[in-house]
Structure formats: C-alpha cells, structure tokens
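Here's protein_6.txt, which has compact mmCIF, C-alpha atoms:
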# COMPACT_ATOMS: atom_id res chain seq x y z
CA MET A 1 -2.73 -28.10 21.61
CA THR A 2 0.59 -27.93 23.45
CA ASN A 3 2.04 -24.77 24.96
CA GLN A 4 -1.36 -23.09 24.94
CA TYR A 5 -1.20 -19.40 25.75
CA THR A 6 -3.05 -18.21 28.82
CA PRO A 7 -3.57 -14.43 28.73
CA PRO A 8 -2.46 -12.63 31.88
CA LYS A 9 -4.93 -10.61 33.87
CA VAL A 10 -3.37 -7.39 32.54
CA TRP A 11 -1.53 -7.37 29.21
CA GLN A 12 2.11 -6.32 29.14
CA ASN A 13 4.33 -5.60 26.16
CA ASN A 14 6.79 -8.50 25.92
CA THR A 15 7.78 -8.27 22.25
CA ASN A 16 11.43 -7.44 22.71
CA GLY A 17 12.71 -10.64 21.11
CA ALA A 18 14.77 -11.24 18.00
CA ASN A 19 11.90 -10.79 15.55
CA LYS A 20 12.55 -7.37 14.01
CA TRP A 21 9.01 -6.88 12.76
CA ALA A 22 7.42 -7.88 16.05
CA SER A 23 9.46 -5.44 18.12
CA ILE A 24 9.10 -2.25 16.07
CA ASN A 25 5.80 -1.05 17.45
CA SER A 26 4.91 0.00 20.95
CA PRO A 27 1.63 0.57 22.79
CA GLU A 28 2.65 4.23 23.02
CA SER A 29 2.38 6.61 20.07
CA GLY A 30 4.39 9.71 19.27
CA ALA A 31 7.94 10.64 18.34
CA ARG A 32 10.87 8.70 19.75
CA PHE A 33 13.62 11.00 18.51
CA ASP A 34 14.05 14.46 16.97
CA LYS A 35 14.70 14.59 13.24
CA GLN A 36 13.20 16.83 10.61
CA LEU A 37 12.01 15.51 7.26
CA PRO A 38 13.71 16.62 4.04
CA VAL A 39 11.72 18.91 1.78
CA GLY A 40 12.26 19.10 -1.97
CA LYS A 41 11.30 21.66 -4.58
CA HIS A 42 7.85 20.39 -5.52
CA SER A 43 4.54 21.25 -3.89
CA LEU A 44 3.86 17.60 -3.09
CA GLN A 45 6.20 15.93 -0.62
CA LEU A 46 5.71 12.19 -0.09
CA TYR A 47 7.28 10.23 2.76
CA SER A 48 6.80 6.55 2.15
CA LEU A 49 8.06 3.06 1.42
CA GLY A 50 7.37 0.88 -1.62
CA THR A 51 5.05 -1.51 0.19
CA PRO A 52 1.53 -2.05 -1.21
CA ASN A 53 0.22 0.91 0.80
CA GLY A 54 3.03 3.11 -0.46
CA GLN A 55 2.58 1.97 -4.07
CA LYS A 56 -1.00 3.22 -4.09
CA VAL A 57 0.10 6.85 -3.84
CA THR A 58 3.07 6.75 -6.20
CA ILE A 59 1.00 4.93 -8.83
CA LEU A 60 -1.70 7.62 -8.64
CA LEU A 61 0.88 10.39 -8.86
CA GLU A 62 2.46 8.78 -11.92
CA GLU A 63 -0.99 8.33 -13.49
CA LEU A 64 -1.64 12.03 -12.98
CA LEU A 65 1.70 12.95 -14.52
CA ALA A 66 0.96 10.65 -17.47
CA LEU A 67 -2.12 12.80 -18.13
CA GLY A 68 0.14 15.85 -18.42
CA ILE A 69 -0.77 17.34 -15.04
CA LYS A 70 2.49 19.07 -14.18
CA GLU A 71 1.19 20.19 -10.78
CA ALA A 72 1.31 16.54 -9.71
CA GLU A 73 5.12 16.55 -9.73
CA TYR A 74 6.43 15.33 -6.42
CA ASP A 75 9.42 14.52 -4.27
CA ALA A 76 9.30 11.08 -2.65
CA TYR A 77 11.55 10.26 0.28
CA LEU A 78 12.20 6.77 1.61
CA ILE A 79 10.95 6.07 5.12
CA ASN A 80 12.73 2.94 6.30
CA ILE A 81 10.26 1.43 8.74
CA GLY A 82 12.74 -1.31 9.66
CA GLU A 83 15.05 1.42 10.96
CA LYS A 84 12.11 3.17 12.69
CA ASP A 85 12.22 6.33 10.55
CA GLN A 86 8.46 6.61 11.04
CA PHE A 87 8.99 7.57 14.68
CA SER A 88 10.96 10.75 13.98
CA SER A 89 9.49 14.02 15.18
CA GLY A 90 9.25 15.21 11.57
CA PHE A 91 7.31 12.19 10.39
CA VAL A 92 4.99 12.17 13.38
CA ALA A 93 4.18 15.83 12.63
CA VAL A 94 2.82 14.70 9.25
CA ASN A 95 1.26 11.47 10.46
CA PRO A 96 0.69 11.07 14.22
CA ASN A 97 -0.08 7.38 13.58
CA SER A 98 3.53 6.71 12.43
CA LYS A 99 2.53 4.70 9.36
CA ILE A 100 3.48 5.17 5.73
CA PRO A 101 2.49 6.75 3.42
CA ALA A 102 2.29 10.39 4.51
CA LEU A 103 1.91 13.41 2.25
CA LEU A 104 2.71 17.08 2.77
CA ASP A 105 0.82 19.29 0.29
CA LYS A 106 2.44 22.73 0.10
CA SER A 107 0.48 24.00 -2.89
CA ALA A 108 -1.79 26.37 -0.94
CA ASP A 109 -1.13 29.23 1.45
CA GLU A 110 -1.28 26.80 4.36
CA ASP A 111 0.44 23.39 4.26
CA VAL A 112 -1.86 20.38 4.45
CA THR A 113 -0.80 17.06 5.96
CA VAL A 114 -2.54 13.97 4.60
CA PHE A 115 -2.19 10.47 6.02
CA GLU A 116 -3.81 7.06 5.50
CA SER A 117 -3.46 5.82 1.94
CA ALA A 118 -7.15 6.09 1.04
CA SER A 119 -7.29 9.65 2.33
CA ILE A 120 -4.28 10.56 0.19
CA LEU A 121 -5.88 8.96 -2.88
CA VAL A 122 -9.10 10.91 -2.37
CA HIS A 123 -7.19 14.13 -1.68
CA LEU A 124 -5.22 13.85 -4.92
CA ALA A 125 -8.14 12.61 -7.02
CA GLU A 126 -10.30 15.53 -5.92
CA LYS A 127 -7.46 18.04 -6.14
CA PHE A 128 -6.77 17.15 -9.79
CA ASP A 129 -10.30 15.97 -10.72
CA GLN A 130 -9.14 12.58 -12.01
CA PHE A 131 -9.79 8.88 -11.32
CA LEU A 132 -12.83 9.60 -9.14
CA PRO A 133 -16.25 9.98 -10.81
CA LYS A 134 -17.90 13.27 -9.98
CA ASP A 135 -21.28 11.96 -8.89
CA GLY A 136 -23.90 9.26 -9.13
CA LYS A 137 -23.60 5.50 -9.04
CA ALA A 138 -20.04 5.41 -10.39
CA ARG A 139 -18.76 7.64 -7.59
CA THR A 140 -20.54 5.60 -4.93
CA GLN A 141 -19.23 2.32 -6.34
CA THR A 142 -15.70 3.74 -6.38
CA PHE A 143 -15.97 4.65 -2.70
CA ASN A 144 -17.56 1.27 -1.91
CA TRP A 145 -14.55 -0.58 -3.29
CA LEU A 146 -12.00 1.91 -2.01
CA PHE A 147 -13.21 1.36 1.54
CA TRP A 148 -13.60 -2.37 0.93
CA ALA A 149 -9.86 -2.36 0.28
CA GLN A 150 -9.14 -0.41 3.47
CA GLY A 151 -11.15 -2.87 5.54
CA SER A 152 -9.99 -6.03 3.77
CA ALA A 153 -6.25 -5.56 3.15
CA PRO A 154 -5.28 -5.74 6.87
CA PHE A 155 -6.48 -9.36 6.84
CA LEU A 156 -4.10 -9.99 3.93
CA GLY A 157 -1.12 -8.00 5.21
CA GLY A 158 -1.19 -7.86 8.98
CA GLY A 159 -3.06 -11.16 9.19
CA PHE A 160 -2.09 -13.70 6.54
CA GLY A 161 1.17 -12.07 5.52
CA HIS A 162 2.42 -11.74 9.07
CA PHE A 163 1.71 -15.30 10.16
CA TYR A 164 2.65 -16.92 6.84
CA ALA A 165 5.84 -14.98 6.10
CA TYR A 166 7.10 -13.06 9.15
CA ALA A 167 6.11 -14.79 12.39
CA ASP A 168 8.81 -16.69 14.28
CA GLU A 169 6.89 -19.93 13.84
CA LYS A 170 4.34 -21.06 11.28
CA GLN A 171 1.22 -21.84 13.26
CA GLU A 172 -1.65 -23.74 11.70
CA TYR A 173 -4.59 -21.92 13.27
CA PRO A 174 -3.75 -18.28 12.35
CA ILE A 175 -2.47 -19.23 8.89
CA ASN A 176 -5.63 -21.22 8.14
CA ARG A 177 -7.87 -18.52 9.60
CA PHE A 178 -6.38 -15.73 7.52
CA ALA A 179 -5.86 -17.86 4.38
CA MET A 180 -9.57 -18.62 4.40
CA GLU A 181 -10.41 -14.91 4.65
CA VAL A 182 -7.95 -13.91 1.91
CA LYS A 183 -9.39 -16.54 -0.42
CA ARG A 184 -12.90 -15.31 0.37
CA GLN A 185 -11.80 -11.77 -0.51
CA LEU A 186 -10.25 -12.99 -3.77
CA ASP A 187 -13.54 -14.70 -4.58
CA VAL A 188 -15.43 -11.46 -3.93
CA LEU A 189 -13.09 -9.64 -6.33
CA ASP A 190 -13.22 -12.42 -8.90
CA LYS A 191 -17.00 -12.32 -9.04
CA GLN A 192 -17.02 -8.53 -9.28
CA LEU A 193 -14.48 -8.56 -12.12
CA ALA A 194 -16.37 -11.26 -14.01
CA SER A 195 -18.81 -8.60 -15.23
CA ASN A 196 -16.69 -5.45 -14.93
CA THR A 197 -13.50 -4.39 -16.69
CA PHE A 198 -12.30 -2.59 -13.57
CA VAL A 199 -13.23 -3.06 -9.94
CA ALA A 200 -15.87 -0.33 -9.69
CA GLY A 201 -17.17 -0.69 -13.26
CA GLU A 202 -15.87 0.21 -16.69
CA GLU A 203 -13.75 3.12 -15.54
CA TYR A 204 -10.25 2.88 -14.04
CA THR A 205 -10.42 4.65 -10.69
CA ILE A 206 -8.68 5.09 -7.37
CA ALA A 207 -10.46 1.87 -6.32
CA ASP A 208 -8.24 -0.07 -8.74
CA ILE A 209 -5.20 1.92 -7.62
CA ALA A 210 -5.95 1.04 -3.98
CA ILE A 211 -6.65 -2.65 -4.57
CA TRP A 212 -4.02 -3.58 -7.15
CA PRO A 213 -0.88 -3.22 -4.96
CA TRP A 214 -2.31 -5.78 -2.54
CA TYR A 215 -4.45 -8.19 -4.54
CA GLY A 216 -2.90 -7.62 -7.95
CA ASN A 217 0.58 -8.24 -6.61
CA LEU A 218 -0.73 -11.29 -4.75
CA VAL A 219 -2.17 -13.05 -7.80
CA LEU A 220 0.88 -12.09 -9.89
CA GLY A 221 3.10 -13.92 -7.40
CA ASN A 222 4.77 -10.83 -5.95
CA LEU A 223 3.52 -11.02 -2.37
CA TYR A 224 4.62 -13.36 0.43
CA SER A 225 5.63 -16.17 -2.03
CA ALA A 226 2.11 -17.46 -1.41
CA ALA A 227 0.70 -17.78 -4.93
CA GLU A 228 0.74 -21.59 -4.99
CA PHE A 229 -0.43 -21.93 -1.39
CA LEU A 230 -3.46 -19.73 -2.06
CA ASP A 231 -4.06 -21.18 -5.55
CA VAL A 232 -4.27 -17.68 -6.98
CA ALA A 233 -4.36 -19.01 -10.56
CA SER A 234 -7.94 -20.14 -9.93
CA TYR A 235 -9.07 -16.50 -9.70
CA LYS A 236 -8.98 -15.92 -13.44
CA ASN A 237 -10.85 -12.61 -13.50
CA VAL A 238 -8.60 -11.10 -10.83
CA THR A 239 -5.56 -12.32 -12.77
CA ARG A 240 -6.86 -10.77 -15.99
CA TRP A 241 -7.44 -7.45 -14.26
CA ALA A 242 -4.10 -7.57 -12.45
CA ASN A 243 -2.20 -8.00 -15.71
CA GLU A 244 -4.16 -5.24 -17.43
CA VAL A 245 -3.41 -2.79 -14.63
CA LEU A 246 0.26 -3.82 -14.56
CA ALA A 247 0.49 -3.07 -18.31
CA ARG A 248 -0.16 0.61 -17.62
CA PRO A 249 3.15 2.54 -17.84
CA ALA A 250 2.27 4.67 -14.81
CA VAL A 251 1.81 1.55 -12.69
CA GLN A 252 5.20 0.24 -13.78
CA ARG A 253 6.73 3.58 -12.85
CA GLY A 254 4.92 4.13 -9.57
CA LYS A 255 5.53 0.68 -8.13
CA ILE A 256 9.33 1.14 -7.98
CA VAL A 257 9.31 4.46 -6.12
CA ASN A 258 10.55 4.35 -2.51
CA THR A 259 11.65 0.74 -3.02
CA SER A 260 15.06 -0.32 -1.76
CA TRP A 261 15.02 -4.07 -2.46
CA GLY A 262 14.85 -6.31 -5.54
CA GLU A 263 16.58 -6.04 -8.90
CA PRO A 264 18.41 -2.82 -9.84
CA TRP A 265 15.58 -1.84 -12.22
CA GLU A 266 13.03 -2.26 -9.43
CA MET A 267 14.61 0.09 -6.87
CA LEU A 268 14.28 3.84 -6.55
CA PRO A 269 14.58 4.82 -2.87
CA ASN A 270 14.04 8.55 -3.51
CA ARG A 271 12.34 10.24 -6.46
CA HIS A 272 12.58 13.90 -7.47
CA SER A 273 11.85 13.86 -11.21
CA ALA A 274 10.63 11.67 -14.05
CA ALA A 275 14.24 11.24 -15.09
CA ASP A 276 14.96 9.39 -11.84
CA ILE A 277 12.44 6.69 -12.79
CA ASP A 278 13.59 6.62 -16.42
CA ALA A 279 17.15 5.91 -15.34
CA VAL A 280 16.14 2.98 -13.14
CA LEU A 281 13.77 1.41 -15.66
CA ALA A 282 16.48 1.66 -18.33
CA LEU A 283 18.53 -0.86 -16.32
CA LYS A 284 16.10 -3.66 -17.11
CA PRO A 285 17.65 -6.22 -19.51
I need this file expressed as structure tokens, please.
Amino acid sequence: MTNQYTPPKVWQNNTNGANKWASINSPESGARFDKQLPVGKHSLQLYSLGTPNGQKVTILLEELLALGIKEAEYDAYLINIGEKDQFSSGFVAVNPNSKIPALLDKSADEDVTVFESASILVHLAEKFDQFLPKDGKARTQTFNWLFWAQGSAPFLGGGFGHFYAYADEKQEYPINRFAMEVKRQLDVLDKQLASNTFVAGEEYTIADIAIWPWYGNLVLGNLYSAAEFLDVASYKNVTRWANEVLARPAVQRGKIVNTSWGEPWEMLPNRHSAADIDAVLALKP
C-alpha cells in the first residue's frame, strides 16, 4: 500500500480541508454561536433534517396523526447541518450532542427535551400508546430490533455511506470492510422477514419505523446510489417489506418533512400543518 498513514503519537484535528462533510464536526462539543430556535403553536416542536434519522420521527408523527390522534400535531423546523445549524445555542439546549433529530415536548407543565431518534420514537410511542406492544414477547422483540437498528445503521451511514459516497477518495479497504458489514446486516433482515410480515413480527411497530428509512431506502435505490453495487435486489424479503412500508400514506407524508432537496413534490423544509404536506404532494405529476 502506498502513502500508508502512520498515526502520530498524539492525535490532532487536521480536517480543515475542502471536504464539507469532513470539516463540520470538532472534538469539542457545545454551542458555537447564539441563536434561539423558533417555536410554533403545537405542543410538539421538532428540529430536524430529512435524513434517515430524521425520517423516523416524522413518519411516526404522521402515523399517529393518521390514527386521528390530534395531540400528535407538530411543528417541524429544518436544521441545516451543512450550514452548522446544529451548533446554535438553542439547538444545543435541546440536544447537547448536536445531532438531529431533536424534539421539544411542551405538552406538560414542564418542557421535556428528547434527543436520539430511538429515544424520540419510544417517547412518542409510549406517550400515545401506539406502535409499541404493551408487554410480553412482542414488546421485547420490538426493542430488540429497535436497538439493532441503532447499533447497525452507523455502519451503513457513517461507515459505508461516508467512504462510498462522501470521502475525498474512494478507498478499497474501508469500502470493502463496510460493504461486507452492510450486506451481512441485509442478510440478517432478509432472514428475519422471511417468516415475519414486519421486522418484529406480525405487527407494524417503531422497529419498522426505525429501520425502514435506512434499509428500506437502501434496497429501494434511494440511498448512496449503491443499489447495484450492494446487489440489493437479492434481498427479496427486505424488498417486499420495504415496498409494503412505503405504500403506507403516513410514510409517504413523513419522509418529505424537513427535506430541502429532490423533486418539488419531495421537499417540505418546514411543516406546521397537514395542509403543508398536502400542498407539496399535490405537485407530483
């Protein structure tokens, strides 16, 4: 191997190059500038971006609204991570880890901040008593797969996705290393879905809502332009499940919220009512 990297005795942050996505983060946490977050009229205030992690929360909120739960109405504000919105003092007050999504729940006497996508899913599922079995095997299986997603998706996003789609140079070793792991994960899902309608069993749960934005989008060709490279068509059970979840109206609604790229009918940077989504979806030919 040429140009082999030799780690220095003490690491230093030297990521100030031209790669936008490599230079956003810093080894230091906390706010970088003062700016308060906007607050709308609803009890639930979401600050997010329409990435897979962001889609989890907006899909769940739209699923709750589809059930007629009016208390699940929400305002969703775009956090542009490319412009470093996540480092404002207001955002850091909601999520000290400076990652989307972040939720402010103002429905009780005291405001509650909720961060990490799985934590938000559990908070909302328990708050509204939906998409999370109450007890027994079904509840345990839902948590098993929810936390499987939290542990596995970083290999897909920060691992494979970064080196395959965003790194300055395509390097064989990291791409092969993470491609192997992503394909192993797809095989795990495919075998699970061979004998189950949904990931945790026969019931649609927050496990599906957590996993679909990453692995569903991947096998449907909507992530990293890597469908052919990863031979996603060979995972037939995952593909079946991914299409069935996508057919749900709430999924189609939730996946466009806080999105600022794509076709006109796929973009809704900020959401304050159902009518906002209706207007965007109506643009589709």
Original post:
Near Val238 of chain A, counting all atoms listed in the file, which residues have an atom at most 10 Å away, once you skip same-chain residues fewer than 2 positions from it, shown as a PyMOL selection string?
Top reply: chain A and resi 186-194+198-199+212+215-216+218-220+232-236+240-244
**OP:** Check the smallest atom-to-atom distance from each of A:Ala275, A:Leu230, A:Ala282, A:Leu60 to Tyr204 of chain A using all atoms listed in the file, then report the winner.
**Re:**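 Of all the options, A:Leu60 lies closest to Tyr204 of chain A.
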**OP:** May I ask which of the residues A:Pro7, A:Pro285, A:Gly30, A:Gly262 is the closest one to Val94 of chain A, counting all atoms listed in the file?
**Re:** A:Gly30
Subject >> Contacts of Leu46 of chain A within 8 Å, all atoms listed in the file, excl. fewer than 5 positions in-chain, as a list of chain:residue names >> reply: A:Tyr74, A:Asp75, A:Ala76, A:Tyr77, A:Pro101, A:Ala102, A:Leu103, A:Leu104
The selected residues should be written to file as a CSV table (one decimal), in the coordinates of the input (atoms: C-alpha atoms).
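Result file follows (out.csv):
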chain,number,residue,atom,x,y,z
A,74,TYR,CA,6.4,15.3,-6.4
A,75,ASP,CA,9.4,14.5,-4.3
A,76,ALA,CA,9.3,11.1,-2.6
A,77,TYR,CA,11.6,10.3,0.3
A,101,PRO,CA,2.5,6.8,3.4
A,102,ALA,CA,2.3,10.4,4.5
A,103,LEU,CA,1.9,13.4,2.2
A,104,LEU,CA,2.7,17.1,2.8
Original post:
Got a sec: who's within 9 Å of Tyr224 of chain A, counting all atoms listed in the file, leaving out chain neighbours fewer than 5 positions off, as a ChimeraX atom specification?
Top reply: /A:161,164-165,218
Original post:
A:Lys41, A:Lys134, A:Arg139, A:Lys84: which is nearest Asp105 of chain A, counting all atoms listed in the file?
Top reply: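 Among the listed residues, the smallest separation from Asp105 of chain A belongs to A:Lys41.
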Subject >> Among listed residues A:Lys170, A:His162, A:Lys106, A:Lys56, nearest Asn258 of chain A (using all atoms listed in the file) >> reply: A:Lys56
